[in-house]
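Reading through the structure tokens given below for one structure.
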Protein chains: 4
Amino acid sequence: MTLSRPITQAASALRDKFREVRAASLALAAPLSAEDQCIQSMPDASPTKWHLAHTTWFFETVLLQPHAAGYRPFDVRFHYLFNSYYEALGPRHPRPQRGLLTRPSVNEVHAYRSHVDEAVLALLEGGTGEHDWAAIEPIVTLGLHHEQQHQELLLTDILHALSCNPLLPAYRPAAGPVLRLAAVPQAMRWLPQPGGVVQVGHEGPQQGFAFDNETPRHAALLQPYAIADRLVSCGDYAQFIADGGYQRPELWLSDGWAAVQAQGWRHPAYWLAADDPRLETQPQQGGWQVFGLHGLRPMEADAPVSQLSFYEAAAYAEWAGARLPTEFEWEAAFDAPGISQMTSHVWQWTRSSYDPYPGFRPMPGIAAEYNGKFMVGQLVLRGGSVATPAGHSRPSYRNFFPPAARWQFSGLRLAKDV
Amino acid sequence: MTLSRPITQAASALRDKFREVRAASLALAAPLSAEDQCIQSMPDASPTKWHLAHTTWFFETVLLQPHAAGYRPFDVRFHYLFNSYYEALGPRHPRPQRGLLTRPSVNEVHAYRSHVDEAVLALLEGGTGEHDWAAIEPIVTLGLHHEQQHQELLLTDILHALSCNPLLPAYRPAAGPVLRLAAVPQAMRWLPQPGGVVQVGHEGPQQGFAFDNETPRHAALLQPYAIADRLVSCGDYAQFIADGGYQRPELWLSDGWAAVQAQGWRHPAYWLAADDPRLETQPQQGGWQVFGLHGLRPMEADAPVSQLSFYEAAAYAEWAGARLPTEFEWEAAFDAPGISQMTSHVWQWTRSSYDPYPGFRPMPGIAAEYNGKFMVGQLVLRGGSVATPAGHSRPSYRNFFPPAARWQFSGLRLAKDV
Amino acid sequence: MTLSRPITQAASALRDKFREVRAASLALAAPLSAEDQCIQSMPDASPTKWHLAHTTWFFETVLLQPHAAGYRPFDVRFHYLFNSYYEALGPRHPRPQRGLLTRPSVNEVHAYRSHVDEAVLALLEGGTGEHDWAAIEPIVTLGLHHEQQHQELLLTDILHALSCNPLLPAYRPAAGPVLRLAAVPQAMRWLPQPGGVVQVGHEGPQQGFAFDNETPRHAALLQPYAIADRLVSCGDYAQFIADGGYQRPELWLSDGWAAVQAQGWRHPAYWLAADDPRLETQPQQGGWQVFGLHGLRPMEADAPVSQLSFYEAAAYAEWAGARLPTEFEWEAAFDAPGISQMTSHVWQWTRSSYDPYPGFRPMPGIAAEYNGKFMVGQLVLRGGSVATPAGHSRPSYRNFFPPAARWQFSGLRLAKDV
Amino acid sequence: MTLSRPITQAASALRDKFREVRAASLALAAPLSAEDQCIQSMPDASPTKWHLAHTTWFFETVLLQPHAAGYRPFDVRFHYLFNSYYEALGPRHPRPQRGLLTRPSVNEVHAYRSHVDEAVLALLEGGTGEHDWAAIEPIVTLGLHHEQQHQELLLTDILHALSCNPLLPAYRPAAGPVLRLAAVPQAMRWLPQPGGVVQVGHEGPQQGFAFDNETPRHAALLQPYAIADRLVSCGDYAQFIADGGYQRPELWLSDGWAAVQAQGWRHPAYWLAADDPRLETQPQQGGWQVFGLHGLRPMEADAPVSQLSFYEAAAYAEWAGARLPTEFEWEAAFDAPGISQMTSHVWQWTRSSYDPYPGFRPMPGIAAEYNGKFMVGQLVLRGGSVATPAGHSRPSYRNFFPPAARWQFSGLRLAKDV
């Protein structure tokens, strides 16, 4: 039986996409030594090697084992090692101990990737009848978006790991392709928005892939508001610090102030004050230094502030006499005239808890555990960051993290009532 | 100058209300020994004596010191001892160490209450010109609602303390005034609700007192839904347990399942299974036993299930093929025909995180710390419980607790999409 | 059958001793309110009421239940509540939760004591044939020494509890019988000791009661040494502090320095520096203030320093160019000419770990758990303190605590090699 | 100036020894990948790479910087990274974060070693006048013994790390040079020892190198005793387990029993019971499996039991109706006729706390921190293990670890009173 032409073309396109996304993961790991790829600097972060293997495990477990007849697992023990949090798939290696997995080696993980890549490409090539295609195309697509999420996490996690090294090594010398945040020097302007009934959420499959948590699309009712045309910059944030922002409890949520005191927060996690002892063995600069993927660099006043917790974002907004936008305000303003830096700079904390949309239904199968079970205790971030793969995000995209998380490319944009 | 008649009448009424509320606190403490009133069974709970003193401190600090000329504090050291969490009022005794305050004694705290009561009543009687009245009436009213909140906490906290004693002593013998939850034996029915644009939040001062977190009143857009006519009962919940509810991760939010495993949850916190070793020295009964204010009693199948965490409530709803209502769905259905048990039984967990309303502004002055700074990481409960003082709650009332809290009179009502 | 006269006389004397020791416990609790007697300020300390009940439980469990025919337990549930650490006697209330036992009330504990006292006295009076006497006399004697140990702990534990109250209330006004440490103003002198083969340990039953850990008496070989004629005084210790003692790691054992840094130690636990915020509501004095059983008092330079950990004692000795004596050096010097303050002031840390003596055998029966199972990770203290009941200690007595313990009446005496 | 012949010869011999010891460290690391050498599986263990670097830092800091004129440090930042616990040498990288040091890479550490090796050999070759030799020889010798200690730790630490990997990879295939414990199949016999006054401790420099904690040599007085002719074997220990050893509190010290319960101990740390889930992907064997440097192997009944904590060793001895020897009993029996397995198998826990010898004085200079500051809270082990470098141990050698340590090559030999 021959495939219909549309499916043949779609399968070919998907194979290309698959190769591209899988290659991108390896490219991100390329600057790192085997040692770098192995360590885990805190329970919330994972080793590079683990990201490379887990995304592979996802294809193996969700796609190949149920759908590729005769597929032979690369190593049955990996099923236990590289499951992340899928209860339906049985026990798994404890998350805080991912950094102890020196074996399999990074070379073995590369072999694992190749083994799975070949099987996926063969599956997409070969017996893909219409019935099969309907079953496997959504899984492959989900797997690729899953892998792109881990590409960003690979960067945020290795950045955290490197930040724990007193030598403050750079992920990649600044000479290479830039992962810096672009500067936007102008003063912030308020963009008034009318509010009213707006449609939020993803429009549906015909508009491309979306996660279940972006659906169903539905109407929401907004009050009039204003939103900032740009992100809060490092220069803005330095004024908050200079004004005693980290010493004034009235600016903070109660849990945030508790974190400030318990953790000794005095500035963003990756900023180094001039008297930081780690600067003793670095070239003298003066002023704030900021650690990033290109290593330690002087703070750029016009660049968006990043690696902020929700608590810090909310305190800054309070100090500025403003507030964070809700996730729906943010989404409604996505195409507002004059607005900038909505994507590709930093994820933007919103004042919205990560609750389900009305009528929310999780994806079927094991993907049911993908998003829904995390809908408590987290806050929504919108937009996308310098570390987000091109094409991965969209206006309805809902990222989410606990309010104390300080190792993401996360910043803020102000809003206010009018 | 003579007061206008309306103020005179209002002041008289407020004095009566003040005496009534203050006496009610003492009445709740009356069944407890000095020892009982002193202990703190966990950092989240406070000793009875501390509640009695803290509510007094509130009147002294917020009302008398700024507004009662010549007021002499009972003991200046109490300012440090009985501040709860008001950062603007300076340092305070650490919350987890409230149970170490054997001094002042419960008798001294009674004297403290009398001292402050006299001063408040004198202030309300005497120099209350129109200007003064406008200043002090809202503070007294806030103080009384504050005290009523602590009346409920006094009960929930002592119940937790008594539950930690292997003898499982009763707060009050069942012969006295009943604090039991009334049974509603009939089968649950679904009440369809139209949704659409609804007004939520408190209507304003002309409708009586409300906390800042219930305002501003605003429009919200709801999808059509159905809501249960009654609360989930103990009998309902026992079926969930019998069906393996505490062993099935797919029913639970991720944080909830982690709590089940880490804490060994197998049933509601105050239920005792038939093999509980604490039952060895109790009269034999068989079946579930439930610990409550009247001590240990056989589970009543038709009584609402109580002392549930949000995690347990959400898992039950998932198991039942339903969900929790949002706080606005709950509020919109408050007067729905056929609905029952909306108040006076148990607080009802909603599927709404405790976020600020659009245009929310905290109360002025130190009361700014009352509600707003807790708006992260908590879930909204609606309704009111058997322990809520009469007249304290209202349809727009927003109670809030962290999702793992298991020592409140908290249960649930189901909702579903239609 | 009539008893032999010696037994009759001995039984009469033991009844007197029993009444005396039991009354002494109540006298120590007398200054404390029911609230005071209920609280537990840390897992290592116990409530006053618990001490009163546990010592009673000991007589009930070890003496009455096996030996008093027809004895009816006061409340079978107390067997679980007031067992301390006897594994052989089954499960018990968790140690850190002793402060949650508001029930039984202090009055019920008094009734428990009376019930047991009557039964013990009746047992000693009545059917005490020779055979019985041989069985019960050692148990009663052990129980009384056990109770005397708890009398000292009752004081150390309530002192810790009161020290946690910002009001720093006094256990007993200084006007009453003095529990202060006597001053010895003279300069310290070294007393040379010859060493050689010495006999250490208790001489045997004919010399009176001893715990198993003091036996067998045996020979030990000592090098010549010198020992200080008096204890280290507060004035001595203040010089150590002033000389940077708490800032110089070279003076400390590794674990001690870790404790200094982790706990922020800057002086003995019950000393208050002049800038201590708790002094704001106290009469102004200047200089060190020391909290003790009579409340807060100015530091007395000639009084022995107390409430020291082993770590602090060892660091002081290092700073003084000396060392702590071993337990055998201390015992060999007990009657050395010119030596003072060997008992009744503070327990004296030795440089000896709490190891078993050669040929050590635990007491038989449940008393086997009394001493031997704690012989690891602790240090020996010798002497006795102001809180030790008269006649309780002796030269061979081995007290023991973990090296970080700071709430005992514990100080030090110097020694050195010669 | 020419050196005297004896010094020339001694320097030549020391250079040879230096080359040999330094090469041995690299040989131990050779079977490990860069990933393996980087990880830290618990705070008490260190990465292989860290051991390689720290031993190098010791020579650089203690020998080269003070004594090698014109020595240029390899990288000044390593002074902070590779200091272990020397307070006198300033701040250092936190011990629990040693596993985060992916940089410097293992290759850079190799370069560091070469740089320091060349400088040390040059120093030993060149300007070594008599005066210099007297200064540097003891430091080089200390450094080599220090490195040998870390060679054993390198093995114990990587074994722990590999034991945390569910794949249970072998450090080295069993085909290579054997690191297994030799079997001694015969029944245990008691060897009576006379006791009396014995000389213990190291005899002095003329007898070769010793650590300060082995001195001064002094007389000790022992009671008659008997000591076992061989170590407790795995077969012996399996009987203890089968007899409920881990379920009987009466066999355990109090802290030991607490560890059994809190940690869920059921057998030695590296033993796997037949139902261990990690065995599912291993070849089926039946019976106990033991993880060691050659991977997972069936338990050998005649091999000495290893990786025991002191608590387990003491409980076993209690169960066997015996006890552990004191360290002096062990030392006095070192050459007893008929005794075997005194070295080269497992370190043997003694019943002696790690206290200072009479007249103990720490080594001068920074080496003062080497041993003395750890003399509290630890137990002495004697002998030497399969992982101890040849020639490193001696009869007076005092190894020491906390009583809960379970990752050393540590077992036991029985003793008893006679």
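All residue names refer to the structure tokens as shown: chains lettered A, B, ... in order, residues numbered from 1 in each chain, ligands numbered from 1 in order.
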
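Near region 262-274 of chain D, within 7 Å and counting only C-alpha atoms, sit Ile241, Tyr246, Ala258, Gly286, Gly287, Trp288, Gln289, Val290, Phe291, Gln307, Leu308 and Arg406 of chain D; same-chain residues fewer than 4 positions away were not included.
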
Could you take the residues named above and write them with N, CA, C and O atoms, as a PDB file, in the first residue's frame?
```pdb
ATOM      1  N   ILE D 241      22.474 -11.962  61.339  1.00  0.00           N
ATOM      2  CA  ILE D 241      21.301 -11.437  60.634  1.00  0.00           C
ATOM      3  C   ILE D 241      20.144 -12.437  60.730  1.00  0.00           C
ATOM      4  O   ILE D 241      19.007 -12.063  61.049  1.00  0.00           O
ATOM      5  N   TYR D 246      19.194  -7.534  63.528  1.00  0.00           N
ATOM      6  CA  TYR D 246      18.773  -6.163  63.237  1.00  0.00           C
ATOM      7  C   TYR D 246      17.377  -5.845  63.773  1.00  0.00           C
ATOM      8  O   TYR D 246      16.845  -4.782  63.534  1.00  0.00           O
ATOM      9  N   ALA D 258      18.924   3.571  67.254  1.00  0.00           N
ATOM     10  CA  ALA D 258      18.268   4.711  66.595  1.00  0.00           C
ATOM     11  C   ALA D 258      18.643   4.753  65.116  1.00  0.00           C
ATOM     12  O   ALA D 258      17.800   5.042  64.256  1.00  0.00           O
ATOM     13  N   GLY D 286      20.833 -16.020  43.804  1.00  0.00           N
ATOM     14  CA  GLY D 286      20.309 -16.553  45.059  1.00  0.00           C
ATOM     15  C   GLY D 286      21.252 -16.217  46.181  1.00  0.00           C
ATOM     16  O   GLY D 286      22.467 -16.118  45.995  1.00  0.00           O
ATOM     17  N   GLY D 287      20.719 -16.030  47.401  1.00  0.00           N
ATOM     18  CA  GLY D 287      21.564 -15.736  48.556  1.00  0.00           C
ATOM     19  C   GLY D 287      22.061 -14.309  48.563  1.00  0.00           C
ATOM     20  O   GLY D 287      21.712 -13.490  47.694  1.00  0.00           O
ATOM     21  N   TRP D 288      22.873 -14.021  49.553  1.00  0.00           N
ATOM     22  CA  TRP D 288      23.409 -12.664  49.686  1.00  0.00           C
ATOM     23  C   TRP D 288      24.360 -12.350  48.544  1.00  0.00           C
ATOM     24  O   TRP D 288      25.185 -13.187  48.169  1.00  0.00           O
ATOM     25  N   GLN D 289      24.251 -11.136  48.035  1.00  0.00           N
ATOM     26  CA  GLN D 289      25.236 -10.625  47.098  1.00  0.00           C
ATOM     27  C   GLN D 289      25.951  -9.463  47.786  1.00  0.00           C
ATOM     28  O   GLN D 289      25.343  -8.717  48.546  1.00  0.00           O
ATOM     29  N   VAL D 290      27.231  -9.339  47.514  1.00  0.00           N
ATOM     30  CA  VAL D 290      28.009  -8.278  48.162  1.00  0.00           C
ATOM     31  C   VAL D 290      28.659  -7.413  47.091  1.00  0.00           C
ATOM     32  O   VAL D 290      29.308  -7.928  46.169  1.00  0.00           O
ATOM     33  N   PHE D 291      28.453  -6.092  47.221  1.00  0.00           N
ATOM     34  CA  PHE D 291      29.040  -5.167  46.261  1.00  0.00           C
ATOM     35  C   PHE D 291      30.432  -4.772  46.744  1.00  0.00           C
ATOM     36  O   PHE D 291      30.614  -4.405  47.918  1.00  0.00           O
ATOM     37  N   GLN D 307      32.806  -3.076  55.632  1.00  0.00           N
ATOM     38  CA  GLN D 307      31.859  -1.960  55.507  1.00  0.00           C
ATOM     39  C   GLN D 307      30.820  -1.972  56.630  1.00  0.00           C
ATOM     40  O   GLN D 307      29.671  -1.617  56.440  1.00  0.00           O
ATOM     41  N   LEU D 308      31.279  -2.374  57.813  1.00  0.00           N
ATOM     42  CA  LEU D 308      30.406  -2.321  58.989  1.00  0.00           C
ATOM     43  C   LEU D 308      30.605  -0.999  59.718  1.00  0.00           C
ATOM     44  O   LEU D 308      31.721  -0.485  59.796  1.00  0.00           O
ATOM     45  N   ARG D 406      29.821   3.665  57.489  1.00  0.00           N
ATOM     46  CA  ARG D 406      29.582   2.351  56.893  1.00  0.00           C
ATOM     47  C   ARG D 406      30.204   2.195  55.510  1.00  0.00           C
ATOM     48  O   ARG D 406      29.819   1.303  54.778  1.00  0.00           O
TER      49      ARG D 406
END
```

Give me the residues of chain B that have any atom at most 9 Å from an atom of chain C; for each, the nearest atom pair and the distance in Å, rounded to one decimal. Use only C-alpha atoms, sort by chain and number, and format it as JSON lines.
```
{"residue": "B:Ser33", "atom": "CA", "partner": "C:Thr102", "partner_atom": "CA", "distance": 8.2}
{"residue": "B:Ala34", "atom": "CA", "partner": "C:Glu35", "partner_atom": "CA", "distance": 6.0}
{"residue": "B:Glu35", "atom": "CA", "partner": "C:Glu35", "partner_atom": "CA", "distance": 4.8}
{"residue": "B:Asp36", "atom": "CA", "partner": "C:Thr102", "partner_atom": "CA", "distance": 5.3}
{"residue": "B:Gln37", "atom": "CA", "partner": "C:Glu35", "partner_atom": "CA", "distance": 8.3}
{"residue": "B:Cys38", "atom": "CA", "partner": "C:Glu35", "partner_atom": "CA", "distance": 6.3}
{"residue": "B:Ile39", "atom": "CA", "partner": "C:Leu100", "partner_atom": "CA", "distance": 6.4}
{"residue": "B:Gln40", "atom": "CA", "partner": "C:Leu100", "partner_atom": "CA", "distance": 7.5}
{"residue": "B:Ser41", "atom": "CA", "partner": "C:Leu100", "partner_atom": "CA", "distance": 6.5}
{"residue": "B:Val76", "atom": "CA", "partner": "C:Thr281", "partner_atom": "CA", "distance": 8.3}
{"residue": "B:Arg77", "atom": "CA", "partner": "C:Thr281", "partner_atom": "CA", "distance": 7.0}
{"residue": "B:Tyr80", "atom": "CA", "partner": "C:Pro166", "partner_atom": "CA", "distance": 8.8}
{"residue": "B:Leu81", "atom": "CA", "partner": "C:Pro166", "partner_atom": "CA", "distance": 7.9}
{"residue": "B:His93", "atom": "CA", "partner": "C:Pro166", "partner_atom": "CA", "distance": 7.8}
{"residue": "B:Gln97", "atom": "CA", "partner": "C:Cys164", "partner_atom": "CA", "distance": 8.2}
{"residue": "B:Gly99", "atom": "CA", "partner": "C:Ile39", "partner_atom": "CA", "distance": 7.4}
{"residue": "B:Leu100", "atom": "CA", "partner": "C:Ile39", "partner_atom": "CA", "distance": 6.4}
{"residue": "B:Leu101", "atom": "CA", "partner": "C:Asn165", "partner_atom": "CA", "distance": 6.0}
{"residue": "B:Thr102", "atom": "CA", "partner": "C:Asp36", "partner_atom": "CA", "distance": 5.3}
{"residue": "B:Arg103", "atom": "CA", "partner": "C:Pro169", "partner_atom": "CA", "distance": 7.6}
{"residue": "B:Pro104", "atom": "CA", "partner": "C:Leu167", "partner_atom": "CA", "distance": 8.6}
{"residue": "B:Ser105", "atom": "CA", "partner": "C:Glu35", "partner_atom": "CA", "distance": 7.4}
{"residue": "B:Val106", "atom": "CA", "partner": "C:Glu35", "partner_atom": "CA", "distance": 8.5}
{"residue": "B:Ala161", "atom": "CA", "partner": "C:Leu100", "partner_atom": "CA", "distance": 6.9}
{"residue": "B:Leu162", "atom": "CA", "partner": "C:Leu100", "partner_atom": "CA", "distance": 8.1}
{"residue": "B:Cys164", "atom": "CA", "partner": "C:Leu100", "partner_atom": "CA", "distance": 6.9}
{"residue": "B:Asn165", "atom": "CA", "partner": "C:Leu101", "partner_atom": "CA", "distance": 6.0}
{"residue": "B:Pro166", "atom": "CA", "partner": "C:His93", "partner_atom": "CA", "distance": 7.8}
{"residue": "B:Leu167", "atom": "CA", "partner": "C:Arg77", "partner_atom": "CA", "distance": 7.7}
{"residue": "B:Pro169", "atom": "CA", "partner": "C:Arg103", "partner_atom": "CA", "distance": 7.6}
{"residue": "B:Thr281", "atom": "CA", "partner": "C:Arg77", "partner_atom": "CA", "distance": 7.1}
```

Legend entry - Test item: residues at most 12 Å from region 118-127 of chain A, only C-alpha atoms, excluding those fewer than 4 positions along its chain, as a count of residues only: 52

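When only C-alpha atoms are used to compute distances to Val232 (chain D), the closest of the residues D:Gln285, D:Gln199, D:Ser410, D:Ser25 turns out to be D:Ser410.
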
Could you give me, as an mmCIF file with C-alpha atoms, in the first residue's frame, each residue of region 119-327 of chain C that DSSP assigns to strand (DSSP E) when run on this structure's backbone?
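And here's part_2.cif as it stands now:
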```cif
data_model
loop_
_atom_site.group_PDB
_atom_site.id
_atom_site.type_symbol
_atom_site.label_atom_id
_atom_site.label_comp_id
_atom_site.auth_asym_id
_atom_site.auth_seq_id
_atom_site.Cartn_x
_atom_site.Cartn_y
_atom_site.Cartn_z
ATOM 1 C CA TRP C 190 48.508 23.734 90.570
ATOM 2 C CA LEU C 191 48.548 20.631 92.740
ATOM 3 C CA PRO C 192 51.140 18.078 91.530
ATOM 4 C CA GLN C 193 50.006 14.484 91.582
ATOM 5 C CA GLY C 196 51.306 5.595 89.091
ATOM 6 C CA VAL C 197 48.964 2.688 89.592
ATOM 7 C CA VAL C 198 45.719 3.831 91.173
ATOM 8 C CA GLN C 199 42.502 2.031 91.980
ATOM 9 C CA VAL C 200 39.459 3.529 90.327
ATOM 10 C CA HIS C 218 40.158 -1.760 88.806
ATOM 11 C CA ALA C 219 43.727 -0.564 88.582
ATOM 12 C CA ALA C 220 44.741 2.152 86.153
ATOM 13 C CA LEU C 221 48.155 3.543 85.371
ATOM 14 C CA LEU C 222 48.596 7.316 85.382
ATOM 15 C CA TYR C 225 50.219 15.299 86.369
ATOM 16 C CA ALA C 226 49.040 18.456 88.045
ATOM 17 C CA ILE C 227 45.478 19.448 88.737
ATOM 18 C CA ALA C 228 43.990 22.822 89.569
ATOM 19 C CA TRP C 271 25.286 34.675 79.524
ATOM 20 C CA LEU C 272 23.784 37.854 78.071
ATOM 21 C CA GLN C 289 24.492 39.186 82.919
ATOM 22 C CA VAL C 290 23.987 35.521 83.738
ATOM 23 C CA PHE C 291 20.647 33.750 83.749
ATOM 24 C CA GLY C 292 20.175 31.185 86.481
ATOM 25 C CA GLY C 295 16.767 34.849 87.332
ATOM 26 C CA LEU C 296 19.067 37.319 85.672
ATOM 27 C CA ARG C 297 21.991 38.490 87.793
ATOM 28 C CA PRO C 298 25.276 40.242 87.144
#
```

Inset, instruction - Work out how far CA of Ala242 (chain A) is from CA of Ala314 (chain A), in Å to one decimal. - result: 16.9 Å

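Pairwise distance (CA of Val305 (chain C), CA of Phe400 (chain C)) equals 18.2 Å.
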
Legend entry - Shell of 9 Å around Trp319 (chain B), only C-alpha atoms, local chain residues under 5 positions omitted, as a VMD selection string: chain B and resid 240 245 251 314

Inset, instruction - Name the residues in contact with Pro356 (chain C) at a cut-off of 7 Å, using only C-alpha atoms, excluding same-chain residues fewer than 3 positions from it; report them as a list of chain:residue names. - result: C:Asn213, C:Phe360, C:Met375

Inset, instruction - Would you please give, as an MDAnalysis selection string, all residues of region 305-373 of chain D that DSSP assigns to helix (DSSP H, G or I) based on the backbone? - result: chainID D and resid 310:319 327:332 365:369 372:373

Legend entry - Close residues, Ala313 (chain C) itself excluded, 9 Å, only C-alpha atoms, min 5 positions apart in chain, as a PyMOL selection string: chain C and resi 308+318+324+349+411-413

Those same residues - all heavy atoms - I'd like them written as a short mmCIF file (atom, residue, chain, number, x, y, z; two decimals), in the first residue's frame.
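Done, and the output landed in selection.cif:
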```
data_model
loop_
_atom_site.label_atom_id
_atom_site.label_comp_id
_atom_site.auth_asym_id
_atom_site.auth_seq_id
_atom_site.Cartn_x
_atom_site.Cartn_y
_atom_site.Cartn_z
N LEU C 308 28.50 25.13 80.45
CA LEU C 308 29.43 25.02 79.32
C LEU C 308 29.27 23.68 78.64
O LEU C 308 29.05 22.66 79.29
CB LEU C 308 30.88 25.11 79.80
CG LEU C 308 31.47 26.44 80.23
CD1 LEU C 308 32.99 26.30 80.28
CD2 LEU C 308 31.08 27.56 79.30
N GLU C 318 42.64 24.73 76.27
CA GLU C 318 43.69 24.94 75.26
C GLU C 318 44.21 26.36 75.33
O GLU C 318 45.43 26.60 75.28
CB GLU C 318 43.10 24.65 73.87
CG GLU C 318 44.06 24.79 72.72
CD GLU C 318 45.04 23.63 72.64
OE1 GLU C 318 44.77 22.58 73.24
OE2 GLU C 318 46.10 23.79 72.00
N LEU C 324 42.08 19.31 80.00
CA LEU C 324 41.14 18.76 80.97
C LEU C 324 41.76 17.52 81.60
O LEU C 324 42.52 16.81 80.93
CB LEU C 324 39.82 18.38 80.28
CG LEU C 324 39.07 19.52 79.61
CD1 LEU C 324 37.86 18.98 78.86
CD2 LEU C 324 38.62 20.55 80.64
N TRP C 349 33.67 18.60 83.25
CA TRP C 349 33.99 17.83 82.05
C TRP C 349 35.38 17.22 82.18
O TRP C 349 36.32 17.91 82.58
CB TRP C 349 33.98 18.72 80.80
CG TRP C 349 32.64 19.18 80.33
CD1 TRP C 349 32.14 20.44 80.44
CD2 TRP C 349 31.65 18.41 79.63
NE1 TRP C 349 30.89 20.51 79.85
CE2 TRP C 349 30.56 19.27 79.35
CE3 TRP C 349 31.57 17.08 79.22
CZ2 TRP C 349 29.42 18.85 78.69
CZ3 TRP C 349 30.43 16.65 78.55
CH2 TRP C 349 29.37 17.53 78.30
N GLY C 411 30.91 22.67 84.17
CA GLY C 411 32.04 23.57 84.01
C GLY C 411 33.31 22.77 83.90
O GLY C 411 33.29 21.66 83.35
N LEU C 412 34.39 23.30 84.42
CA LEU C 412 35.65 22.57 84.25
C LEU C 412 36.67 22.96 85.30
O LEU C 412 36.59 24.01 85.94
CB LEU C 412 36.25 22.80 82.87
CG LEU C 412 36.95 24.14 82.60
CD1 LEU C 412 38.04 23.93 81.54
CD2 LEU C 412 35.95 25.18 82.16
N ARG C 413 37.62 22.07 85.43
CA ARG C 413 38.83 22.22 86.24
C ARG C 413 39.98 21.87 85.32
O ARG C 413 39.91 20.92 84.55
CB ARG C 413 38.76 21.24 87.41
CG ARG C 413 40.00 21.14 88.28
CD ARG C 413 39.87 20.00 89.30
NE ARG C 413 38.65 20.15 90.08
CZ ARG C 413 38.55 20.91 91.18
NH1 ARG C 413 39.60 21.57 91.63
NH2 ARG C 413 37.40 20.98 91.82
#
```

Inset, instruction - Just give me the gap between CA of Pro304 (chain D) and CA of Arg394 (chain D) in Å, one decimal is fine. - result: 19.8 Å

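Distances to Arg361 (chain A) were evaluated for A:Tyr311, A:Arg217, A:Arg398, A:Leu293 using only C-alpha atoms, and the minimum falls at A:Arg217.
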